[in-house]
file protein-v4.pdb (PDB, C-alpha atoms, pLDDT in the B column)
ATOM      1  CA  MET K   1       0.000   0.000   0.000  1.00 44.00           C
ATOM      2  CA  ALA K   2       1.206   3.521  -0.754  1.00 44.00           C
ATOM      3  CA  THR K   3       1.864   5.804   2.198  1.00 42.00           C
ATOM      4  CA  GLU K   4      -0.861   8.416   2.698  1.00 42.00           C
ATOM      5  CA  GLY K   5       0.064  11.614   0.865  1.00 45.00           C
ATOM      6  CA  LYS K   6       2.699   9.803  -1.198  1.00 61.00           C
ATOM      7  CA  LEU K   7       2.147   9.105  -4.875  1.00 75.00           C
ATOM      8  CA  GLU K   8       1.781   5.409  -5.713  1.00 93.00           C
ATOM      9  CA  PHE K   9       4.906   4.020  -7.343  1.00 96.00           C
ATOM     10  CA  THR K  10       3.250   3.164 -10.671  1.00 96.00           C
ATOM     11  CA  LYS K  11       1.892   6.715 -10.835  1.00 95.00           C
ATOM     12  CA  GLN K  12       5.389   8.029 -10.155  1.00 95.00           C
ATOM     13  CA  MET K  13       6.586   5.903 -13.088  1.00 95.00           C
ATOM     14  CA  ARG K  14       3.832   7.258 -15.305  1.00 93.00           C
ATOM     15  CA  LYS K  15       4.581  10.855 -14.344  1.00 93.00           C
ATOM     16  CA  ALA K  16       8.331  10.435 -14.908  1.00 94.00           C
ATOM     17  CA  THR K  17       7.849   8.865 -18.352  1.00 94.00           C
ATOM     18  CA  ARG K  18       5.050  11.137 -19.598  1.00 91.00           C
ATOM     19  CA  GLU K  19       7.216  13.185 -21.974  1.00 90.00           C
ATOM     20  CA  ILE K  20       9.168  10.271 -23.483  1.00 89.00           C
ATOM     21  CA  HIS K  21       5.947   8.230 -23.582  1.00 85.00           C
ATOM     22  CA  ASP K  22       4.271  10.945 -25.691  1.00 83.00           C
ATOM     23  CA  ILE K  23       7.221  10.880 -28.102  1.00 84.00           C
ATOM     24  CA  SER K  24       6.958   7.100 -28.284  1.00 80.00           C
ATOM     25  CA  ASP K  25       3.215   7.265 -28.967  1.00 75.00           C
ATOM     26  CA  ALA K  26       3.798   9.738 -31.799  1.00 78.00           C
ATOM     27  CA  LEU K  27       6.457   7.475 -33.292  1.00 73.00           C
ATOM     28  CA  VAL K  28       4.208   4.423 -33.057  1.00 71.00           C
ATOM     29  CA  ASN K  29       1.374   6.342 -34.714  1.00 68.00           C
ATOM     30  CA  ALA K  30       3.697   7.504 -37.486  1.00 67.00           C
ATOM     31  CA  LYS K  31       5.372   4.133 -38.061  1.00 63.00           C
ATOM     32  CA  LEU K  32       3.009   1.366 -37.023  1.00 59.00           C
ATOM     33  CA  GLY K  33       0.013   3.469 -38.041  1.00 60.00           C
ATOM     34  CA  ILE K  34       0.919   2.463 -41.595  1.00 62.00           C
ATOM     35  CA  ALA K  35       0.626  -1.146 -40.416  1.00 55.00           C
ATOM     36  CA  MET K  36      -3.132  -0.620 -40.173  1.00 60.00           C
ATOM     37  CA  SER K  37      -3.298  -1.227 -43.906  1.00 63.00           C
ATOM     38  CA  ASP K  38      -0.063  -3.114 -44.584  1.00 75.00           C
ATOM     39  CA  ASN K  39       0.623  -6.495 -43.032  1.00 82.00           C
ATOM     40  CA  SER K  40       4.318  -6.462 -43.965  1.00 84.00           C
ATOM     41  CA  ILE K  41       4.926  -3.484 -41.631  1.00 84.00           C
ATOM     42  CA  TRP K  42       2.847  -5.094 -38.893  1.00 84.00           C
ATOM     43  CA  ALA K  43       4.859  -8.304 -39.259  1.00 88.00           C
ATOM     44  CA  GLU K  44       8.175  -6.438 -39.139  1.00 89.00           C
ATOM     45  CA  GLY K  45       7.087  -4.739 -35.911  1.00 88.00           C
ATOM     46  CA  LEU K  46       6.095  -8.107 -34.452  1.00 90.00           C
ATOM     47  CA  LEU K  47       9.466  -9.550 -35.361  1.00 91.00           C
ATOM     48  CA  CYS K  48      11.279  -6.788 -33.461  1.00 92.00           C
ATOM     49  CA  PHE K  49       9.200  -6.989 -30.297  1.00 94.00           C
ATOM     50  CA  TYR K  50       9.094 -10.797 -30.359  1.00 95.00           C
ATOM     51  CA  GLU K  51      12.765 -10.929 -29.370  1.00 95.00           C
ATOM     52  CA  ILE K  52      12.266  -8.526 -26.469  1.00 97.00           C
ATOM     53  CA  PHE K  53       9.190 -10.241 -25.058  1.00 97.00           C
ATOM     54  CA  LYS K  54      10.844 -13.643 -25.426  1.00 97.00           C
ATOM     55  CA  PHE K  55      13.917 -12.459 -23.506  1.00 98.00           C
ATOM     56  CA  LEU K  56      11.797 -10.986 -20.700  1.00 98.00           C
ATOM     57  CA  GLU K  57       9.689 -14.124 -20.354  1.00 98.00           C
ATOM     58  CA  GLN K  58      12.773 -16.331 -20.292  1.00 98.00           C
ATOM     59  CA  ALA K  59      14.248 -13.977 -17.678  1.00 98.00           C
ATOM     60  CA  LEU K  60      11.105 -14.489 -15.572  1.00 98.00           C
ATOM     61  CA  ASP K  61      11.857 -18.221 -15.687  1.00 98.00           C
ATOM     62  CA  ARG K  62      15.483 -17.681 -14.706  1.00 98.00           C
ATOM     63  CA  LEU K  63      14.478 -15.306 -11.891  1.00 98.00           C
ATOM     64  CA  SER K  64      11.429 -17.202 -10.674  1.00 97.00           C
ATOM     65  CA  HIS K  65      12.974 -17.362  -7.182  1.00 96.00           C
ATOM     66  CA  THR K  66      13.009 -13.560  -6.876  1.00 96.00           C
ATOM     67  CA  LEU K  67      10.450 -10.793  -6.381  1.00 95.00           C
ATOM     68  CA  LEU K  68      10.151 -10.482 -10.174  1.00 97.00           C
ATOM     69  CA  SER K  69       8.069 -13.666 -10.183  1.00 97.00           C
ATOM     70  CA  GLU K  70       5.167 -11.528  -8.968  1.00 97.00           C
ATOM     71  CA  LEU K  71       5.058  -9.879 -12.399  1.00 98.00           C
ATOM     72  CA  ASP K  72       4.586 -13.266 -14.076  1.00 98.00           C
ATOM     73  CA  ILE K  73       0.804 -13.039 -14.208  1.00 97.00           C
ATOM     74  CA  LYS K  74      -1.148 -16.045 -15.419  1.00 96.00           C
ATOM     75  CA  GLY K  75      -2.270 -15.625 -19.041  1.00 95.00           C
ATOM     76  CA  MET K  76      -0.043 -12.669 -19.891  1.00 97.00           C
ATOM     77  CA  ARG K  77       2.854 -14.441 -21.632  1.00 97.00           C
ATOM     78  CA  ARG K  78       3.077 -13.699 -25.353  1.00 96.00           C
ATOM     79  CA  THR K  79       6.016 -15.649 -26.825  1.00 96.00           C
ATOM     80  CA  LYS K  80       3.831 -18.412 -28.285  1.00 95.00           C
ATOM     81  CA  ALA K  81       1.334 -15.852 -29.574  1.00 94.00           C
ATOM     82  CA  PHE K  82       4.144 -13.915 -31.307  1.00 94.00           C
ATOM     83  CA  GLU K  83       5.379 -17.148 -32.900  1.00 94.00           C
ATOM     84  CA  GLU K  84       1.884 -18.027 -34.137  1.00 93.00           C
ATOM     85  CA  ASP K  85       1.583 -14.617 -35.807  1.00 92.00           C
ATOM     86  CA  LEU K  86       5.082 -14.788 -37.299  1.00 93.00           C
ATOM     87  CA  HIS K  87       4.365 -18.275 -38.667  1.00 92.00           C
ATOM     88  CA  PHE K  88       1.272 -16.809 -40.299  1.00 92.00           C
ATOM     89  CA  TYR K  89       3.082 -13.857 -41.915  1.00 90.00           C
ATOM     90  CA  TYR K  90       6.440 -15.440 -42.756  1.00 90.00           C
ATOM     91  CA  GLY K  91       5.584 -19.128 -43.106  1.00 88.00           C
ATOM     92  CA  ALA K  92       6.091 -22.095 -40.792  1.00 81.00           C
ATOM     93  CA  GLN K  93       9.852 -22.188 -41.447  1.00 81.00           C
ATOM     94  CA  TRP K  94      10.499 -18.489 -40.766  1.00 80.00           C
ATOM     95  CA  LEU K  95      12.843 -19.115 -37.838  1.00 77.00           C
ATOM     96  CA  GLU K  96      14.976 -21.524 -39.868  1.00 77.00           C
ATOM     97  CA  ASN K  97      15.465 -19.128 -42.775  1.00 68.00           C
ATOM     98  CA  ILE K  98      18.755 -17.638 -41.524  1.00 60.00           C
ATOM     99  CA  TYR K  99      16.849 -15.054 -39.507  1.00 73.00           C
ATOM    100  CA  GLN K 100      18.974 -12.561 -37.556  1.00 83.00           C
ATOM    101  CA  PRO K 101      17.626  -9.717 -35.371  1.00 89.00           C
ATOM    102  CA  ASN K 102      18.586  -6.265 -36.653  1.00 91.00           C
ATOM    103  CA  GLY K 103      21.179  -4.067 -34.945  1.00 93.00           C
ATOM    104  CA  ALA K 104      18.740  -2.122 -32.776  1.00 94.00           C
ATOM    105  CA  VAL K 105      17.113  -5.336 -31.521  1.00 95.00           C
ATOM    106  CA  THR K 106      20.507  -6.912 -30.823  1.00 96.00           C
ATOM    107  CA  ALA K 107      21.624  -3.835 -28.859  1.00 97.00           C
ATOM    108  CA  TYR K 108      18.363  -3.913 -26.898  1.00 97.00           C
ATOM    109  CA  LEU K 109      18.862  -7.597 -26.012  1.00 97.00           C
ATOM    110  CA  GLU K 110      22.481  -7.010 -24.975  1.00 98.00           C
ATOM    111  CA  TYR K 111      21.378  -4.161 -22.729  1.00 98.00           C
ATOM    112  CA  LEU K 112      18.691  -6.317 -21.080  1.00 98.00           C
ATOM    113  CA  ALA K 113      21.215  -9.120 -20.523  1.00 98.00           C
ATOM    114  CA  CYS K 114      23.545  -6.623 -18.856  1.00 98.00           C
ATOM    115  CA  LEU K 115      20.727  -5.404 -16.601  1.00 98.00           C
ATOM    116  CA  GLU K 116      19.842  -8.956 -15.615  1.00 98.00           C
ATOM    117  CA  LYS K 117      23.458  -9.576 -14.625  1.00 97.00           C
ATOM    118  CA  GLU K 118      24.038  -6.308 -12.754  1.00 97.00           C
ATOM    119  CA  ASN K 119      20.636  -5.553 -11.210  1.00 96.00           C
ATOM    120  CA  PRO K 120      17.843  -7.917 -12.326  1.00 97.00           C
ATOM    121  CA  TYR K 121      15.143  -5.909 -10.568  1.00 97.00           C
ATOM    122  CA  MET K 122      15.594  -3.214 -13.215  1.00 98.00           C
ATOM    123  CA  LEU K 123      13.978  -5.628 -15.680  1.00 98.00           C
ATOM    124  CA  ALA K 124      10.733  -4.930 -13.826  1.00 98.00           C
ATOM    125  CA  ALA K 125      10.493  -1.617 -15.694  1.00 98.00           C
ATOM    126  CA  TYR K 126      10.559  -3.403 -19.065  1.00 98.00           C
ATOM    127  CA  ILE K 127       8.144  -6.143 -18.031  1.00 98.00           C
ATOM    128  CA  TYR K 128       5.718  -3.611 -16.580  1.00 97.00           C
ATOM    129  CA  HIS K 129       5.710  -1.079 -19.417  1.00 96.00           C
ATOM    130  CA  LEU K 130       5.806  -3.528 -22.331  1.00 95.00           C
ATOM    131  CA  PHE K 131       3.021  -5.747 -21.060  1.00 96.00           C
ATOM    132  CA  MET K 132       0.885  -2.803 -19.955  1.00 94.00           C
ATOM    133  CA  GLY K 133       1.423  -1.460 -23.464  1.00 90.00           C
ATOM    134  CA  LEU K 134      -0.040  -4.650 -24.916  1.00 89.00           C
ATOM    135  CA  PHE K 135      -2.955  -4.546 -22.486  1.00 90.00           C
ATOM    136  CA  SER K 136      -3.767  -0.967 -23.556  1.00 83.00           C
ATOM    137  CA  GLY K 137      -2.193   0.423 -26.756  1.00 71.00           C
ATOM    138  CA  GLY K 138      -1.998  -3.035 -28.300  1.00 63.00           C
ATOM    139  CA  GLN K 139      -5.766  -3.326 -28.060  1.00 63.00           C
ATOM    140  CA  ILE K 140      -6.211   0.039 -29.791  1.00 62.00           C
ATOM    141  CA  LEU K 141      -3.993  -1.120 -32.679  1.00 69.00           C
ATOM    142  CA  ARG K 142      -5.979  -4.363 -32.872  1.00 62.00           C
ATOM    143  CA  LYS K 143      -9.275  -2.468 -33.170  1.00 65.00           C
ATOM    144  CA  LYS K 144      -7.850  -0.065 -35.758  1.00 66.00           C
ATOM    145  CA  ARG K 145      -6.598  -2.932 -37.921  1.00 58.00           C
ATOM    146  CA  SER K 146      -9.980  -4.623 -37.677  1.00 59.00           C
ATOM    147  CA  LEU K 147     -11.720  -1.378 -38.663  1.00 55.00           C
ATOM    148  CA  GLU K 148      -9.301  -0.849 -41.564  1.00 59.00           C
ATOM    149  CA  ALA K 149     -10.100  -4.321 -42.864  1.00 57.00           C
ATOM    150  CA  SER K 150     -13.851  -3.743 -42.684  1.00 59.00           C
ATOM    151  CA  LEU K 151     -13.608  -0.320 -44.371  1.00 56.00           C
ATOM    152  CA  LYS K 152     -11.819  -1.933 -47.295  1.00 57.00           C
ATOM    153  CA  PHE K 153     -14.900  -4.107 -47.809  1.00 49.00           C
ATOM    154  CA  GLN K 154     -12.700  -7.151 -47.555  1.00 52.00           C
ATOM    155  CA  SER K 155     -14.368 -10.539 -47.771  1.00 50.00           C
ATOM    156  CA  SER K 156     -15.055 -12.471 -44.580  1.00 48.00           C
ATOM    157  CA  THR K 157     -12.357 -14.939 -45.686  1.00 49.00           C
ATOM    158  CA  ILE K 158      -9.692 -12.209 -45.871  1.00 50.00           C
ATOM    159  CA  ILE K 159     -10.783 -10.638 -42.583  1.00 46.00           C
ATOM    160  CA  SER K 160     -10.737 -14.060 -40.940  1.00 49.00           C
ATOM    161  CA  SER K 161      -7.215 -14.731 -42.226  1.00 47.00           C
ATOM    162  CA  GLN K 162      -6.063 -11.335 -40.940  1.00 48.00           C
ATOM    163  CA  GLN K 163      -7.427 -12.198 -37.497  1.00 64.00           C
ATOM    164  CA  GLN K 164      -5.202 -15.280 -37.645  1.00 76.00           C
ATOM    165  CA  GLY K 165      -2.236 -12.926 -37.511  1.00 80.00           C
ATOM    166  CA  GLU K 166      -3.509 -11.073 -34.433  1.00 86.00           C
ATOM    167  CA  SER K 167      -2.765 -13.615 -31.684  1.00 90.00           C
ATOM    168  CA  VAL K 168      -0.347 -11.339 -29.842  1.00 91.00           C
ATOM    169  CA  THR K 169      -3.121  -8.877 -28.960  1.00 88.00           C
ATOM    170  CA  ASP K 170      -5.698 -11.582 -28.245  1.00 90.00           C
ATOM    171  CA  PHE K 171      -5.996 -12.517 -24.575  1.00 91.00           C
ATOM    172  CA  GLY K 172      -9.048 -14.684 -25.093  1.00 89.00           C
ATOM    173  CA  ASP K 173     -11.506 -14.727 -22.206  1.00 93.00           C
ATOM    174  CA  ILE K 174      -9.108 -13.098 -19.750  1.00 92.00           C
ATOM    175  CA  PRO K 175     -10.462  -9.630 -18.821  1.00 92.00           C
ATOM    176  CA  LEU K 176      -7.845  -7.010 -19.651  1.00 92.00           C
ATOM    177  CA  PHE K 177      -8.802  -4.870 -16.680  1.00 94.00           C
ATOM    178  CA  LYS K 178      -7.924  -7.837 -14.468  1.00 95.00           C
ATOM    179  CA  LEU K 179      -4.478  -8.216 -16.066  1.00 95.00           C
ATOM    180  CA  LYS K 180      -3.814  -4.483 -15.665  1.00 95.00           C
ATOM    181  CA  LYS K 181      -4.924  -4.515 -12.038  1.00 96.00           C
ATOM    182  CA  GLN K 182      -2.738  -7.516 -11.216  1.00 97.00           C
ATOM    183  CA  MET K 183       0.260  -5.966 -12.982  1.00 97.00           C
ATOM    184  CA  VAL K 184      -0.108  -2.675 -11.095  1.00 96.00           C
ATOM    185  CA  GLU K 185      -0.519  -4.450  -7.759  1.00 96.00           C
ATOM    186  CA  ALA K 186       2.548  -6.628  -8.426  1.00 97.00           C
ATOM    187  CA  MET K 187       4.650  -3.602  -9.375  1.00 97.00           C
ATOM    188  CA  GLU K 188       3.540  -1.719  -6.262  1.00 97.00           C
ATOM    189  CA  HIS K 189       4.408  -4.661  -4.021  1.00 96.00           C
ATOM    190  CA  ILE K 190       7.850  -5.102  -5.593  1.00 97.00           C
ATOM    191  CA  ALA K 191       8.574  -1.382  -5.154  1.00 96.00           C
ATOM    192  CA  GLU K 192       7.666  -1.630  -1.480  1.00 96.00           C
ATOM    193  CA  GLN K 193      10.322  -4.325  -1.024  1.00 96.00           C
ATOM    194  CA  LEU K 194      13.077  -2.347  -2.734  1.00 96.00           C
ATOM    195  CA  GLY K 195      15.325   0.273  -1.174  1.00 95.00           C
ATOM    196  CA  GLU K 196      14.957   3.955  -2.002  1.00 95.00           C
ATOM    197  CA  GLU K 197      17.937   3.892  -4.389  1.00 96.00           C
ATOM    198  CA  ASP K 198      16.566   0.961  -6.404  1.00 96.00           C
ATOM    199  CA  ARG K 199      13.114   2.575  -6.577  1.00 96.00           C
ATOM    200  CA  TRP K 200      14.728   5.717  -7.995  1.00 96.00           C
ATOM    201  CA  LYS K 201      16.764   3.632 -10.469  1.00 97.00           C
ATOM    202  CA  LEU K 202      13.603   1.800 -11.528  1.00 97.00           C
ATOM    203  CA  ILE K 203      11.872   5.080 -12.322  1.00 96.00           C
ATOM    204  CA  GLU K 204      14.889   6.226 -14.326  1.00 96.00           C
ATOM    205  CA  GLU K 205      15.016   2.876 -16.116  1.00 97.00           C
ATOM    206  CA  SER K 206      11.358   3.330 -17.036  1.00 96.00           C
ATOM    207  CA  LYS K 207      12.378   6.268 -19.208  1.00 95.00           C
ATOM    208  CA  ASN K 208      14.926   4.068 -20.898  1.00 96.00           C
ATOM    209  CA  VAL K 209      12.237   1.525 -21.808  1.00 96.00           C
ATOM    210  CA  PHE K 210      10.677   4.030 -24.179  1.00 93.00           C
ATOM    211  CA  ARG K 211      14.049   5.217 -25.513  1.00 94.00           C
ATOM    212  CA  MET K 212      15.007   1.647 -26.395  1.00 94.00           C
ATOM    213  CA  ASN K 213      11.595   0.984 -27.925  1.00 93.00           C
ATOM    214  CA  ASN K 214      11.865   4.146 -30.020  1.00 91.00           C
ATOM    215  CA  LYS K 215      15.278   3.181 -31.391  1.00 92.00           C
ATOM    216  CA  MET K 216      13.888  -0.181 -32.418  1.00 92.00           C
ATOM    217  CA  ILE K 217      10.695   1.191 -33.947  1.00 89.00           C
ATOM    218  CA  ARG K 218      12.723   3.630 -36.059  1.00 88.00           C
ATOM    219  CA  THR K 219      14.344   0.652 -37.817  1.00 89.00           C
ATOM    220  CA  ILE K 220      10.988  -0.491 -39.219  1.00 85.00           C
ATOM    221  CA  ASN K 221      11.098   0.364 -42.898  1.00 77.00           C
ATOM    222  CA  THR K 222       7.947   2.247 -43.884  1.00 55.00           C
ATOM    223  CA  ASN K 223       9.482   4.268 -46.737  1.00 40.00           C
ATOM    224  CA  ARG K 224       8.392   1.727 -49.341  1.00 43.00           C
ATOM    225  CA  ILE K 225       4.785   1.856 -48.154  1.00 37.00           C
ATOM    226  CA  VAL K 226       4.707   5.662 -47.975  1.00 34.00           C
ATOM    227  CA  LEU K 227       6.066   5.838 -51.559  1.00 30.00           C
ATOM    228  CA  LYS K 228       3.472   3.328 -52.710  1.00 37.00           C
ATOM    229  CA  LYS K 229       0.649   5.333 -51.102  1.00 37.00           C
ATOM    230  CA  PHE K 230       1.984   8.546 -52.655  1.00 31.00           C
ATOM    231  CA  CYS K 231       2.170   6.928 -56.092  1.00 34.00           C
ATOM    232  CA  ASN K 232      -1.365   5.583 -55.774  1.00 37.00           C
ATOM    233  CA  PHE K 233      -2.538   9.032 -54.684  1.00 34.00           C
ATOM    234  CA  ALA K 234      -0.745  10.665 -57.606  1.00 34.00           C
ATOM    235  CA  LEU K 235      -2.201   8.192 -60.105  1.00 41.00           C
ATOM    236  CA  ILE K 236      -5.704   9.138 -59.008  1.00 41.00           C
ATOM    237  CA  VAL K 237      -5.415  12.837 -58.190  1.00 40.00           C
ATOM    238  CA  VAL K 238      -3.144  14.101 -60.975  1.00 38.00           C
ATOM    239  CA  PRO K 239      -5.286  12.793 -63.890  1.00 42.00           C
ATOM    240  CA  THR K 240      -8.423  14.039 -62.131  1.00 41.00           C
ATOM    241  CA  VAL K 241      -7.030  17.553 -61.656  1.00 40.00           C
ATOM    242  CA  ALA K 242      -5.756  17.565 -65.239  1.00 39.00           C
ATOM    243  CA  ALA K 243      -9.159  16.507 -66.574  1.00 43.00           C
ATOM    244  CA  ILE K 244     -10.905  19.247 -64.581  1.00 46.00           C
ATOM    245  CA  TYR K 245      -8.380  21.852 -65.708  1.00 36.00           C
ATOM    246  CA  PHE K 246      -8.558  21.013 -69.427  1.00 40.00           C
ATOM    247  CA  GLY K 247     -12.328  20.649 -69.219  1.00 47.00           C
ATOM    248  CA  TYR K 248     -12.537  24.133 -67.748  1.00 44.00           C
ATOM    249  CA  LYS K 249     -10.231  25.493 -70.482  1.00 46.00           C
ATOM    250  CA  MET K 250     -12.374  23.945 -73.222  1.00 50.00           C
ATOM    251  CA  ILE K 251     -15.539  25.441 -71.755  1.00 51.00           C
ATOM    252  CA  SER K 252     -13.866  28.860 -71.425  1.00 52.00           C
ATOM    253  CA  ASN K 253     -12.614  28.746 -75.030  1.00 53.00           C
ATOM    254  CA  PHE K 254     -16.038  27.676 -76.274  1.00 49.00           C
ATOM    255  CA  SER K 255     -17.712  30.520 -74.363  1.00 53.00           C
ATOM    256  CA  ASN K 256     -15.307  33.128 -75.751  1.00 54.00           C
ATOM    257  CA  SER K 257     -15.662  32.018 -79.377  1.00 51.00           C
TER     258      SER K 257
END
call {"tool": "encode", "arguments": {"input": "protein-v4.pdb", "output": "structure tokens"}}
result
Amino acid sequence: MATEGKLEFTKQMRKATREIHDISDALVNAKLGIAMSDNSIWAEGLLCFYEIFKFLEQALDRLSHTLLSELDIKGMRRTKAFEEDLHFYYGAQWLENIYQPNGAVTAYLEYLACLEKENPYMLAAYIYHLFMGLFSGGQILRKKRSLEASLKFQSSTIISSQQQGESVTDFGDIPLFKLKKQMVEAMEHIAEQLGEEDRWKLIEESKNVFRMNNKMIRTINTNRIVLKKFCNFALIVVPTVAAIYFGYKMISNFSNS
């Protein structure tokens, strides 16, 4: 329980990360927003975050004898869900096709491994923010992708197949509010057991979660999709404007003759 008059620890984390969180949200909207209509971008984003979630879940196994085990909430793990989605987008043999994480992902993993070795409780910041992100923002992305599919008047077969690639944001019958509540309570209890210095470090590390995420998200290549959208726009708009312009000129010339 938080001391009366003292801000709860998770609220302290939220307050400390507000600015960098806003930057991260803007970046996600700019980058992964394109994924609403392009599965290749969505899949590339999944591939990046798959490595991070897998590391954190494996770390929970390695550290199951510590306070971090409290963050291992039943039904929250996503590694298998990521793999199901990646099998769908890249084929059943995707992991065997000489796959290597990109530089930003590799640096992220190396940093997490260093944290686990030096002060494993700092991993709590990553577990908390990344899973809470899936419980909240991940659900918004899921709904937007579903809406995008329906607005395109896609057939039920296509929409159904797209839902096959959405396992990572699907928590089945588990109420999301329950997962959020359990995660917050676990984080609060862990913070109560830590010393003042580690609580301060955990808040500072929370900022780094979003910095690391941002570096990784920036590696997702959306230039090809933006160019494609621009070309499609140009193919429609330019001929239309030209037709209107020359039509107007013909009418003006006819009126003046």
call {"tool": "resolve_selection", "arguments": {"input": "protein-v4.pdb", "expression": "the PyMOL selection byres ((chain K and resi 125) around 8)", "output": "ChimeraX atom specification"}}
result
/K:122-124,126-129,202-203,205-206,209
call {"tool": "atom_distance", "arguments": {"input": "protein-v4.pdb", "atom1": "CA of Tyr50 in chain K", "atom2": "CA of Ala191 in chain K"}}
result
26.9 Å
call {"tool": "residues_around", "arguments": {"input": "protein-v4.pdb", "residues": "Cys48 in chain K", "least_positions_apart": "6", "cutoff": "10 Å", "atoms": "only C-alpha atoms", "output": "list in words"}}
result
Pro101, Asn102, Ala104, Val105, Thr106, Asn213, Met216, Ile217, Thr219 and Ile220 of chain K
call {"tool": "resolve_selection", "arguments": {"input": "protein-v4.pdb", "expression": "the PyMOL selection byres ((chain K and resi 46) around 12)", "output": "MDAnalysis selection string"}}
result
chainID K and resid 32 35 39:45 47:54 78:79 81:90 101 105 134 138 165:169 216:217 220
call {"tool": "atom_distance", "arguments": {"input": "protein-v4.pdb", "atom1": "CA of Met13 in chain K", "atom2": "CA of Glu204 in chain K"}}
result
8.4 Å
call {"tool": "residues_around", "arguments": {"input": "protein-v4.pdb", "residues": "range 10-12 of chain K", "least_positions_apart": "5", "cutoff": "8 Å", "atoms": "only C-alpha atoms", "output": "number ranges by chain"}}
result
K: 184, 187-188, 203
call {"tool": "residues_near_point", "arguments": {"input": "protein-v4.pdb", "point": "(3.7, -8.5, -3.6)", "cutoff": "12 Å", "atoms": "only C-alpha atoms", "output": "list of chain:residue names"}}
result
K:Met1, K:Thr66, K:Leu67, K:Leu68, K:Ser69, K:Glu70, K:Leu71, K:Asp72, K:Ile73, K:Gln182, K:Met183, K:Val184, K:Glu185, K:Ala186, K:Met187, K:Glu188, K:His189, K:Ile190, K:Ala191, K:Glu192, K:Gln193, K:Leu194
call {"tool": "write_last_selection", "arguments": {"input": "protein-v4.pdb", "atoms": "C-alpha atoms", "output": "PDB file, in the coordinates of the input"}}
result
ATOM      1  CA  MET K   1       0.000   0.000   0.000  1.00 44.00           C
ATOM      2  CA  THR K  66      13.009 -13.560  -6.876  1.00 96.00           C
ATOM      3  CA  LEU K  67      10.450 -10.793  -6.381  1.00 95.00           C
ATOM      4  CA  LEU K  68      10.151 -10.482 -10.174  1.00 97.00           C
ATOM      5  CA  SER K  69       8.069 -13.666 -10.183  1.00 97.00           C
ATOM      6  CA  GLU K  70       5.167 -11.528  -8.968  1.00 97.00           C
ATOM      7  CA  LEU K  71       5.058  -9.879 -12.399  1.00 98.00           C
ATOM      8  CA  ASP K  72       4.586 -13.266 -14.076  1.00 98.00           C
ATOM      9  CA  ILE K  73       0.804 -13.039 -14.208  1.00 97.00           C
ATOM     10  CA  GLN K 182      -2.738  -7.516 -11.216  1.00 97.00           C
ATOM     11  CA  MET K 183       0.260  -5.966 -12.982  1.00 97.00           C
ATOM     12  CA  VAL K 184      -0.108  -2.675 -11.095  1.00 96.00           C
ATOM     13  CA  GLU K 185      -0.519  -4.450  -7.759  1.00 96.00           C
ATOM     14  CA  ALA K 186       2.548  -6.628  -8.426  1.00 97.00           C
ATOM     15  CA  MET K 187       4.650  -3.602  -9.375  1.00 97.00           C
ATOM     16  CA  GLU K 188       3.540  -1.719  -6.262  1.00 97.00           C
ATOM     17  CA  HIS K 189       4.408  -4.661  -4.021  1.00 96.00           C
ATOM     18  CA  ILE K 190       7.850  -5.102  -5.593  1.00 97.00           C
ATOM     19  CA  ALA K 191       8.574  -1.382  -5.154  1.00 96.00           C
ATOM     20  CA  GLU K 192       7.666  -1.630  -1.480  1.00 96.00           C
ATOM     21  CA  GLN K 193      10.322  -4.325  -1.024  1.00 96.00           C
ATOM     22  CA  LEU K 194      13.077  -2.347  -2.734  1.00 96.00           C
TER      23      LEU K 194
END
call {"tool": "resolve_selection", "arguments": {"input": "protein-v4.pdb", "expression": "the PyMOL selection byres ((chain K and resi 176) around 10)", "output": "list in words"}}
result
Met76, Met132, Leu134, Phe135, Ser136, Gln139, Asp170, Phe171, Gly172, Asp173, Ile174, Pro175, Phe177, Lys178, Leu179, Lys180, Lys181 and Gln182 of chain K
call {"tool": "closest_residue", "arguments": {"input": "protein-v4.pdb", "among": "K:Glu19, K:Glu196, K:Glu110, K:Glu57", "to": "Arg211 in chain K", "atoms": "all atoms listed in the file"}}
result
K:Glu19
call {"tool": "atom_distance", "arguments": {"input": "protein-v4.pdb", "atom1": "CA of Lys207 in chain K", "atom2": "CA of Thr17 in chain K"}}
result
5.3 Å
call {"tool": "axis_aligned_box", "arguments": {"input": "protein-v4.pdb", "around": "range 121-136 of chain K", "padding_each_side": "6 Å", "output": "AutoDock Vina command-line options"}}
result
--center_x 5.9 --center_y -3.6 --center_z -17.7 --size_x 31.4 --size_y 17.2 --size_z 26.3
